[in-house]
Each structure stands twice: as C-alpha cells, then as structure tokens.
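Student: Below is a structure I'd like to ask you about.
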Protein chains: 2
Amino acid sequence: MVMARPTPQTHDEILAAAARRFGVTGYRGTSLQDIAGEVGCSKAAVLYHFANKEAILTELMAPAIGALRSLDERIMAQPDPATAQRVAAEGFVDLAVRFRTEIALLRGEFPELLQQPVFAHIQQISERLIDALAGRSERAPARICALVLLAGIAETCGEFADVPDDDLRDALLALLRRALEPAR
Amino acid sequence: MVMARPTPQTHDEILAAAARRFGVTGYRGTSLQDIAGEVGCSKAAVLYHFANKEAILTELMAPAIGALRSLDERIMAQPDPATAQRVAAEGFVDLAVRFRTEIALLRGEFPELLQQPVFAHIQQISERLIDALAGRSERAPARICALVLLAGIAETCGEFADVPDDDLRDALLALLRRALEPAR
DNA sequence: CACGAATCTGACCGTTCGGTCAGCACCTGA
DNA sequence: TCAGGTGCTGACCGAACGGTCAGATTCGTG
C-alpha cells in the first residue's frame with residue numbers, strides 16, 4: 001500500500017472518519033481498523049496521530065464538554081431555584097440542539113463511557129442539572145421527571161438531524177415547560 | 001475445581017447471576033467467564049445450559065417482550081387516536097414499572113441490542129408506540145415529545161429501584177399526561 | 001545535496017472474547 | 001452389575017481487539 005499524502009491533514013480526516021463511524025456503530029463497536037479503513041490509511045497511522053482510541057473520543061467531545069461545564073457554572077451561580085430551573089432548562093436544550101451530532105456519537109453508550117476519564121466530572125454535573133431541573137426539590141416525582149426528561153433528550157436529540165435547530169429547540173423547550181413541575 | 005452440585009438448578013442460578021452482572025456491567029460488558037465466576041462453575045457449564053450468550057439474554061427478556069407485544073396488539077386494535085394515546089401511555093408506564101429490572105439490564109445498549117434477533121420486532125413496535133403517544137399526529141413537535149418521553153422512561157426506570165411501584169407509576173403517568181400534547 | 005524531523009507502514013504482541021470438544025464423575029433404571 | 005444419560009470440567013481454538021515497534025519514505029531546510 002503506497003500512499004504519500006502531500007498535505008498531512010490526516011489528523012482531521014481521522015477525526016471526521018471516527019465521527020462518522022461512531023455515529024453508525026458506536027464507540028465500542030468501532031475498531032481502530034474501521035477508522036483506518038475509512039480514512040484509507042493504516043491502523044498504525046491512526047495511532048501515530050492519536051495516543052490511543054480514547055484520545056480520539058476526547059478530542060471529538062471537547063467542545064461539547066466545555067459548553068456543558070460552563071452551563072454548570074452558570075447554574076451553580078444561581079441561588080434562586082426557580083431561575084436556576086429556567087436557566088438549566090434553556091441551557092440544556094440549547095446544548096442538546098447545538099451538539100446533537102456529538103451526543104449522537106455516544107449512541108446509548110452513556111453508562112459505560114461515563115466511566116472513562118474524559119467524562120470524569122460529567123456525572124456530578126448531570127446530578128446538579130437534574131437537581132436544578134427538579135427545582136431543587138427533594139420530592140421523588142419532581143426528580144423522576146427531571147431525570148426522564150434529561151435522559152430522553154440526551155438519548156434522542158441525535159435522531160432529529162433533519163429538524164431545523166430552531167424548531168427542535170422550540171419543541172423541546174415547550175415540552176420541558178409543560179412537563180417540569182413548578183418548584184414547591 | 002471440584003464442585004458437585006447435588007441439585008442441578010444451575011440453569012436458574014446462571015440466569016440469576018447473568019441478570020445481576022448485566023445490571024452492573026451491561027450485556028456486552030459481561031463475559032461468560034464473569035457469569036461463570038459468579039455462579040461458581042466453569043464457562044463451559046454455562047454453555048452447557050445455554051446454546052450461546054444471546055440465549056441467556058433471550059430467556060431473561062422473554063416475559064417483558066411478550067408483554068410489550070400484547071400491549072402493541074391492544075394499541076393497534078384501537079381506532080380512535082385519543083383513546084389509543086391513553087392506552088399507550090398507561091400500558092407503557094405499566095410495563096416500564098413492572099419490568100424495570102429487566103429493562104435496566106440493557107443499560108443503554110438499546111441501539112446495539114435492538115439489532116439482535118431477540119428484539120427483531122421491537123423496532124416496529126416502538127414506532128407504533130411513538131405514533132400512538134403522539135396522538136397519531138404527523139406534527140414534528142408531537143413526535144419529538146413522544147420519542148423523548150419513551151426513550152427517557154425506558155432509559156431511566158431501572159434507576160428507581162427504591163421507589164415503590166405505585167409511586168413510580170403515578171409519577172410517570174402524571175408526567176405523560178402533562179407532557180403529551182393533545183391529539184389535534 | 002545532506003540530514004534530521006515528520007509521516008506512515010507491515011509485522012507483531014498480549015489479551016480477551018465466544019464457542020468447541022473429548023472425557024470424567026455421578027446417578028438411574030433394566 | 002453395567003449401560004447410558006446428565007452435568008460438568010480443563011484444555012483448546014480462531015477471531016478480534018488495542019497497542020507497539022523497527023524501519024521505510026517523504027519533506028523541509030541549512
């Protein structure tokens with residue numbers, strides 16, 4: 001296999017190919033060989049540009065994770081439960097819509113992937129998100145609602161690739177407003 | 001390893017052990033060796049009682065799948081969209097609560113596991129469920145709501161092992177009633 | 001042109017997985 | 001007593017995986 005790329009944009013090609021494959025077969029279900037095959041290079045070349053498989057996922061998810069972190073800070077800075085709920089709902093829907101392709105890459109592998117170092121703090125962040133969405137209430141029904149909606153949006157927003165951003169955002173926000181119990 | 005079980009209830013022990021392990025590390029993340037280790041027998045013994053790994057999952061999920069099928073038939077027999085929506089909501093919540101431990105076994109591996117022969121018809125059934133929950137409407141917001149709620153409940157109901165059945169059922173039904181758009 | 005760094009390759013490694021197989025111990029019934 | 005079925009074992013297999021490595025090729029530059 002003789003393949004002399006004049007320009008070494010291979011790094012980005014690998015990233016794009018990985019995104020495509022992860023979206024179809026998931027992270028675990030995609031081998032380095034698969035990615036290499038899609039790029040048209042050897043598996044060793046993939047591992048030349050990335051330290052390991054996880055590093056690819058890390059770079060792919062970095063922007064989404066950064067945005068989630070900053071949303072978390074904005075929510076924590078909000079003392080009033082009602083406004084925190086509003087900020088959390090609007091912020092989360094915004095993230096879900098903007099990063100829906102990235103989220104789709106995880107294809108329901110949340111539980112396993114959350115264990116990995118890349119997502120080290122996501123667990124705590126999502127707990128604070130649920131807390132805020134539940135209006136900082138301890139009542140079981142409120143917390144159940146918050147978790148169902150959070151998980152449902154995260155799990156499905158990748159499926160609506162054909163829906164315009166604004167339409168999706170409006171639909172999800174309307175759903176949240178209807179579904180979230182007022183903080184009591 | 002000398003281990004002469006007087007009574008051969010090993011079949012059921014394997015099933016129980018598999019359920020426990022699947023619930024912790026997921027289907028893919030659990031090896032036959034793990035299950036054998038938990039039972040205290042050899043991997044070959046597991047494969048003596050079950051044709052292959054998938055057969056374990058099949059037997060574990062059989063009751064839940066049967067119940068889902070019968071719910072599907074009840075929904076399809078219902079010509080009126082509004083009543084179909086009510087039947088679907090109540091029936092699905094009932095299933096989610098009753099079989100939440102079984103559902104929890106899938107631990108977010110829905111997309112991959114749905115490909116397997118065991119769940120061959122689940123895809124179509126869930127599409128009909130979404131259709132019914134959306135009030136048989138073609139409007140995007142209605143369908144988005146239905147999918148988010150369906151996925152959210154399926155994904156999370158296993159987390160509420162400490163909530164009594166009735167409380168969980170009430171909370172989920174109240175959420176669905178609040179969140180589902182009326183059929184228009 | 002020469003040299004070192006960057007890029008990439010094929011071969012290889014250790015591990016884990018699902019699954020197979022020959023055979024051993026035990027129980028049962030003729 | 002012994003033939004045969006049941007339950008089970010350890011050893012083994014091929015495939016796939018993530019990752020390593022020495023070396024080849026190419027490129028920028030003094």
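Residues are referred to by chain and number: the chain letter is A, B, ... according to the order shown in the structure tokens, the number counts from 1 in that chain, and ligands are numbered separately from 1 in the order shown.
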Would you give me, as CSV, each residue of chain D having an atom within 12 Å of an atom of range 3-14 of chain C, along with its shortest atom pair and that distance in Å to one decimal, using only C-alpha atoms (C1' of nucleotides) and sorting by chain and residue number?

Tutor:
residue,atom,partner,partner_atom,distance
D:DC17,C1',C:DG14,C1',10.6
D:DG18,C1',C:DG14,C1',10.0
D:DG19,C1',C:DC13,C1',8.6
D:DT20,C1',C:DC13,C1',7.7
D:DC21,C1',C:DC12,C1',8.4
D:DA22,C1',C:DA11,C1',9.9
D:DG23,C1',C:DT9,C1',8.8
D:DA24,C1',C:DT9,C1',7.6
D:DT25,C1',C:DC8,C1',7.9
D:DT26,C1',C:DT7,C1',7.6
D:DC27,C1',C:DA6,C1',7.7
D:DG28,C1',C:DA5,C1',8.7
D:DT29,C1',C:DC3,C1',9.3
D:DG30,C1',C:DC3,C1',9.2

Student: Limited to N, CA and C atoms (P, O5', C5', C4', C3', O3' and C1' of nucleotides), could you put the picked residues into a file as a compact mmCIF listing (two decimals), in the first residue's frame?

Tutor:
# COMPACT_ATOMS: atom_id res chain seq x y z
P DC D 17 -12.48 -5.76 15.42
O5' DC D 17 -11.68 -5.24 16.69
C5' DC D 17 -12.30 -5.34 17.98
C4' DC D 17 -11.25 -5.22 19.05
C3' DC D 17 -10.29 -4.06 18.85
O3' DC D 17 -10.84 -2.89 19.43
C1' DC D 17 -9.18 -6.03 19.67
P DG D 18 -10.23 -1.47 19.02
O5' DG D 18 -9.01 -1.35 20.03
C5' DG D 18 -9.25 -1.39 21.43
C4' DG D 18 -7.94 -1.32 22.16
C3' DG D 18 -7.11 -0.08 21.84
O3' DG D 18 -6.49 0.39 23.02
C1' DG D 18 -5.89 -2.03 21.27
P DG D 19 -5.63 1.77 22.94
O5' DG D 19 -4.16 1.23 22.66
C5' DG D 19 -3.61 0.26 23.55
C4' DG D 19 -2.30 -0.27 23.02
C3' DG D 19 -1.30 0.79 22.54
O3' DG D 19 -0.15 0.75 23.38
C1' DG D 19 -1.39 -1.08 21.08
P DT D 20 1.09 1.73 23.15
O5' DT D 20 2.15 0.78 22.44
C5' DT D 20 2.47 -0.46 23.04
C4' DT D 20 3.59 -1.15 22.27
C3' DT D 20 4.78 -0.23 21.91
O3' DT D 20 5.98 -0.90 22.28
C1' DT D 20 3.97 -1.34 19.96
P DC D 21 7.38 -0.04 22.31
O5' DC D 21 8.06 -0.53 20.97
C5' DC D 21 7.86 -1.87 20.53
C4' DC D 21 8.54 -2.09 19.19
C3' DC D 21 9.58 -1.03 18.84
O3' DC D 21 10.75 -1.64 18.36
C1' DC D 21 7.99 -1.20 17.10
P DA D 22 12.18 -0.86 18.50
O5' DA D 22 12.83 -1.26 17.10
C5' DA D 22 12.72 -2.62 16.63
C4' DA D 22 12.77 -2.64 15.12
C3' DA D 22 13.87 -1.77 14.51
O3' DA D 22 14.41 -2.44 13.36
C1' DA D 22 11.78 -1.01 13.74
P DG D 23 15.68 -1.83 12.60
O5' DG D 23 15.03 -1.31 11.24
C5' DG D 23 14.25 -2.20 10.46
C4' DG D 23 13.35 -1.43 9.51
C3' DG D 23 14.08 -0.45 8.57
O3' DG D 23 13.61 -0.65 7.26
C1' DG D 23 12.26 0.61 9.59
P DA D 24 14.69 -0.41 6.04
O5' DA D 24 13.77 0.29 4.94
C5' DA D 24 12.53 -0.30 4.57
C4' DA D 24 11.54 0.79 4.23
C3' DA D 24 12.07 1.85 3.25
O3' DA D 24 11.25 1.88 2.09
C1' DA D 24 11.00 2.86 5.12
P DT D 25 11.76 2.66 0.77
O5' DT D 25 10.85 3.97 0.76
C5' DT D 25 9.48 3.87 1.11
C4' DT D 25 8.94 5.25 1.43
C3' DT D 25 9.43 6.36 0.48
O3' DT D 25 8.30 6.96 -0.11
C1' DT D 25 9.55 7.04 2.74
P DT D 26 8.48 7.98 -1.35
O5' DT D 26 8.20 9.39 -0.65
C5' DT D 26 7.11 9.50 0.27
C4' DT D 26 7.24 10.77 1.07
C3' DT D 26 7.65 12.01 0.26
O3' DT D 26 6.68 13.02 0.42
C1' DT D 26 8.90 11.84 2.27
P DC D 27 6.76 14.38 -0.40
O5' DC D 27 7.26 15.41 0.72
C5' DC D 27 6.68 15.34 2.02
C4' DC D 27 7.35 16.35 2.93
C3' DC D 27 7.77 17.64 2.21
O3' DC D 27 7.38 18.77 2.99
C1' DC D 27 9.64 16.68 3.32
P DG D 28 7.46 20.23 2.31
O5' DG D 28 8.37 21.03 3.35
C5' DG D 28 8.12 20.86 4.75
C4' DG D 28 9.34 21.30 5.54
C3' DG D 28 9.91 22.66 5.16
O3' DG D 28 10.28 23.36 6.33
C1' DG D 28 11.59 21.00 4.92
P DT D 29 10.75 24.91 6.24
O5' DT D 29 12.33 24.80 6.35
C5' DT D 29 12.91 23.98 7.38
C4' DT D 29 14.41 23.86 7.20
C3' DT D 29 15.10 25.13 6.69
O3' DT D 29 16.27 25.33 7.45
C1' DT D 29 15.75 23.29 5.39
P DG D 30 16.70 26.84 7.80
O5' DG D 30 18.26 26.69 8.06
C5' DG D 30 18.74 25.63 8.89
C4' DG D 30 20.02 25.06 8.30
C3' DG D 30 21.06 26.10 7.87
O3' DG D 30 22.34 25.71 8.32
C1' DG D 30 20.59 24.63 6.08

Student: Using only C-alpha atoms (C1' of nucleotides), determine which residues lie at most 6 Å from range 77-93 of chain A, disregarding the query and same-chain residues fewer than 2 positions distant; provide the list as a list of chain:residue names.

Tutor: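 Residues meeting the cut-off are A:Arg74, A:Ile75, A:Leu95, A:Ala96, A:Ala132, A:Leu133, A:Gly135, A:Arg136.
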
Student: Would you save the residues of that selection, restricted to C-alpha atoms, as an mmCIF file, in the first residue's frame?

Tutor:
data_model
loop_
_atom_site.group_PDB
_atom_site.id
_atom_site.type_symbol
_atom_site.label_atom_id
_atom_site.label_comp_id
_atom_site.auth_asym_id
_atom_site.auth_seq_id
_atom_site.Cartn_x
_atom_site.Cartn_y
_atom_site.Cartn_z
ATOM 1 C CA ARG A 74 -23.933 29.372 35.369
ATOM 2 C CA ILE A 75 -26.480 27.159 37.117
ATOM 3 C CA LEU A 95 -26.614 22.377 24.279
ATOM 4 C CA ALA A 96 -28.599 19.344 23.194
ATOM 5 C CA ALA A 132 -31.836 22.306 39.065
ATOM 6 C CA LEU A 133 -34.439 20.905 36.656
ATOM 7 C CA GLY A 135 -36.471 22.945 41.062
ATOM 8 C CA ARG A 136 -34.022 21.924 43.802
#

Student: Report, in Å with one decimal, the straight-line distance from CA of Pro111 in chain A to CA of Leu150 in chain A.

Tutor: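 Result for CA of Pro111 in chain A versus CA of Leu150 in chain A: 14.1 Å, one decimal.
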
Student: Hey, list the chain A side of the contact with chain D: 8 Å cut-off, only C-alpha atoms (C1' of nucleotides), answer as a CSV table (one decimal) with N, CA and C atoms, in the first residue's frame.

Tutor:
chain,number,residue,atom,x,y,z
A,4,ALA,N,1.3,8.4,-0.4
A,4,ALA,CA,2.0,9.5,0.1
A,4,ALA,C,1.1,10.8,0.1
A,31,SER,N,-13.8,-0.2,15.6
A,31,SER,CA,-12.4,-0.5,15.9
A,31,SER,C,-11.5,0.5,15.2
A,32,LEU,N,-10.3,0.6,15.7
A,32,LEU,CA,-9.3,1.4,15.0
A,32,LEU,C,-9.1,1.1,13.6
A,52,ASN,N,-4.2,7.1,21.7
A,52,ASN,CA,-5.0,5.9,21.8
A,52,ASN,C,-6.4,6.1,21.4
A,53,LYS,N,-7.2,5.1,21.4
A,53,LYS,CA,-8.6,5.3,20.9
A,53,LYS,C,-9.3,6.3,21.7

Student: What is the distance between C1' of DG19 in chain C and CA of Ala104 in chain B, in Å to one decimal?

Tutor: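 Taking C1' of DG19 in chain C as the start and CA of Ala104 in chain B as the end point, the length is 26.9 Å.
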
Student: Write out as a list in words each polymer residue whose atoms come within 12 Å of Lys43 in chain B, counting only C-alpha atoms (C1' of nucleotides); drop sequence neighbours fewer than 2 positions from it.

Tutor: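 Counting only the stated atoms, we get Ile14, Ser31, Leu32, Gln33, Asp34, Ile35, Ala36, Gly37, Glu38, Val39, Gly40, Cys41, Ala45, Val46, Leu47, Tyr48, His49, Phe50, Asn52 and Lys53 of chain B; DC17, DG18, DG19 and DT20 of chain C; DC8, DT9 and DG10 of chain D.
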
Student: Those same residues - C-alpha atoms (C1' of nucleotides) - I'd like them written as a short mmCIF file (atom, residue, chain, number, x, y, z; two decimals), in the first residue's frame.

Tutor:
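Saved to part-v9.cif:
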data_model
loop_
_atom_site.label_atom_id
_atom_site.label_comp_id
_atom_site.auth_asym_id
_atom_site.auth_seq_id
_atom_site.Cartn_x
_atom_site.Cartn_y
_atom_site.Cartn_z
CA ILE B 14 -26.87 -18.90 35.79
CA SER B 31 -18.31 -12.06 29.67
CA LEU B 32 -19.40 -15.66 30.01
CA GLN B 33 -16.44 -16.03 32.32
CA ASP B 34 -17.87 -13.33 34.60
CA ILE B 35 -21.19 -15.15 34.81
CA ALA B 36 -19.50 -18.50 35.42
CA GLY B 37 -17.39 -16.93 38.15
CA GLU B 38 -20.45 -15.52 39.91
CA VAL B 39 -22.22 -18.88 39.76
CA GLY B 40 -19.10 -20.74 40.82
CA CYS B 41 -18.88 -23.03 37.82
CA ALA B 45 -21.02 -25.25 32.19
CA VAL B 46 -22.76 -22.01 31.26
CA LEU B 47 -22.60 -23.01 27.61
CA TYR B 48 -23.90 -26.44 28.50
CA HIS B 49 -27.12 -24.93 29.82
CA PHE B 50 -27.42 -22.22 27.16
CA ASN B 52 -24.81 -19.20 23.47
CA LYS B 53 -24.60 -15.87 25.23
"C1'" DC C 17 -13.79 -12.98 23.86
"C1'" DG C 18 -17.45 -16.55 22.40
"C1'" DG C 19 -17.52 -21.06 21.46
"C1'" DT C 20 -15.98 -26.29 20.87
"C1'" DC D 8 -19.76 -30.57 34.23
"C1'" DT D 9 -14.58 -29.75 33.54
"C1'" DG D 10 -9.99 -28.13 31.64
#

Student: Write down, as an MDAnalysis selection string, each residue of chain A that has any atom within 7 Å of an atom of chain B, counting only C-alpha atoms.

Tutor: chainID A and resid 107:111 141 145 148:149 151:153 155:156 171 175 178:179

Student: Nearest to Asp162 in chain B among B:Ala64, B:Ala16, B:Ser137, B:Thr101, with distances taken over only C-alpha atoms: which residue is it?

Tutor: B:Thr101

Student: Within range 74-143 of chain B, find each residue whose DSSP state, derived from the backbone, is alpha helix (DSSP H), and express the selection as a CSV table (one decimal) with C-alpha atoms, in the first residue's frame.

Tutor:
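result.csv, written as the output of this step:
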chain,number,residue,atom,x,y,z
B,74,ARG,CA,-54.1,-3.7,22.2
B,75,ILE,CA,-53.0,-0.3,20.8
B,76,MET,CA,-53.3,-1.4,17.1
B,81,PRO,CA,-56.3,8.3,18.3
B,82,ALA,CA,-57.2,9.8,21.7
B,83,THR,CA,-58.0,6.5,23.3
B,84,ALA,CA,-55.0,4.9,21.6
B,85,GLN,CA,-52.9,7.6,23.2
B,86,ARG,CA,-54.3,6.9,26.6
B,87,VAL,CA,-53.9,3.1,26.2
B,88,ALA,CA,-50.4,3.5,25.0
B,89,ALA,CA,-49.4,5.8,27.9
B,90,GLU,CA,-50.9,3.8,30.6
B,91,GLY,CA,-49.8,0.5,29.1
B,92,PHE,CA,-46.2,1.6,28.5
B,93,VAL,CA,-45.9,3.1,32.0
B,94,ASP,CA,-47.2,-0.1,33.5
B,95,LEU,CA,-44.7,-2.2,31.5
B,96,ALA,CA,-41.8,0.1,32.4
B,97,VAL,CA,-42.6,-0.1,36.1
B,98,ARG,CA,-43.2,-3.9,36.1
B,100,ARG,CA,-37.9,-2.1,35.2
B,101,THR,CA,-35.2,-4.6,36.4
B,102,GLU,CA,-35.3,-6.3,33.1
B,103,ILE,CA,-35.1,-3.0,31.2
B,104,ALA,CA,-32.2,-2.0,33.4
B,105,LEU,CA,-30.2,-5.0,32.2
B,110,PHE,CA,-30.6,-0.4,23.2
B,111,PRO,CA,-29.3,0.6,19.8
B,112,GLU,CA,-26.9,-2.3,19.5
B,113,LEU,CA,-29.1,-4.9,21.2
B,122,ILE,CA,-39.2,-4.3,18.8
B,123,GLN,CA,-38.2,-1.6,16.4
B,124,GLN,CA,-41.6,-1.6,14.6
B,125,ILE,CA,-43.5,-2.0,17.9
B,126,SER,CA,-41.7,1.1,19.4
B,127,GLU,CA,-42.5,3.1,16.2
B,128,ARG,CA,-46.2,2.2,16.7
B,129,LEU,CA,-45.9,3.2,20.3
B,130,ILE,CA,-44.5,6.6,19.4
B,131,ASP,CA,-47.2,7.0,16.9
B,132,ALA,CA,-49.9,6.3,19.4
B,133,LEU,CA,-48.2,8.5,22.1
B,140,ALA,CA,-42.9,17.2,14.4
B,141,PRO,CA,-43.3,18.6,18.0
B,142,ALA,CA,-45.8,15.9,18.9
B,143,ARG,CA,-43.5,13.2,17.6

Student: Could you check which of C:DT15, C:DA30, C:DA25, C:DC1 is closest to chain B, using only C-alpha atoms (C1' of nucleotides)?

Tutor: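 When distances to chain B are compared using only C-alpha atoms (C1' of nucleotides), the smallest one comes from C:DA25.
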
Student: Hey, can you check how far CA of Ser42 in chain A sits from CA of Gly23 in chain A?

Tutor: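 Answer for the CA of Ser42 in chain A to CA of Gly23 in chain A separation: 21.0 Å.
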
Student: For chain C, which residue among B:Ile56, B:Leu114, B:Ala51, B:Ala134 is the nearest when counting only C-alpha atoms (C1' of nucleotides)?

Tutor: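 Result for the nearest residue to chain C: B:Ala51.
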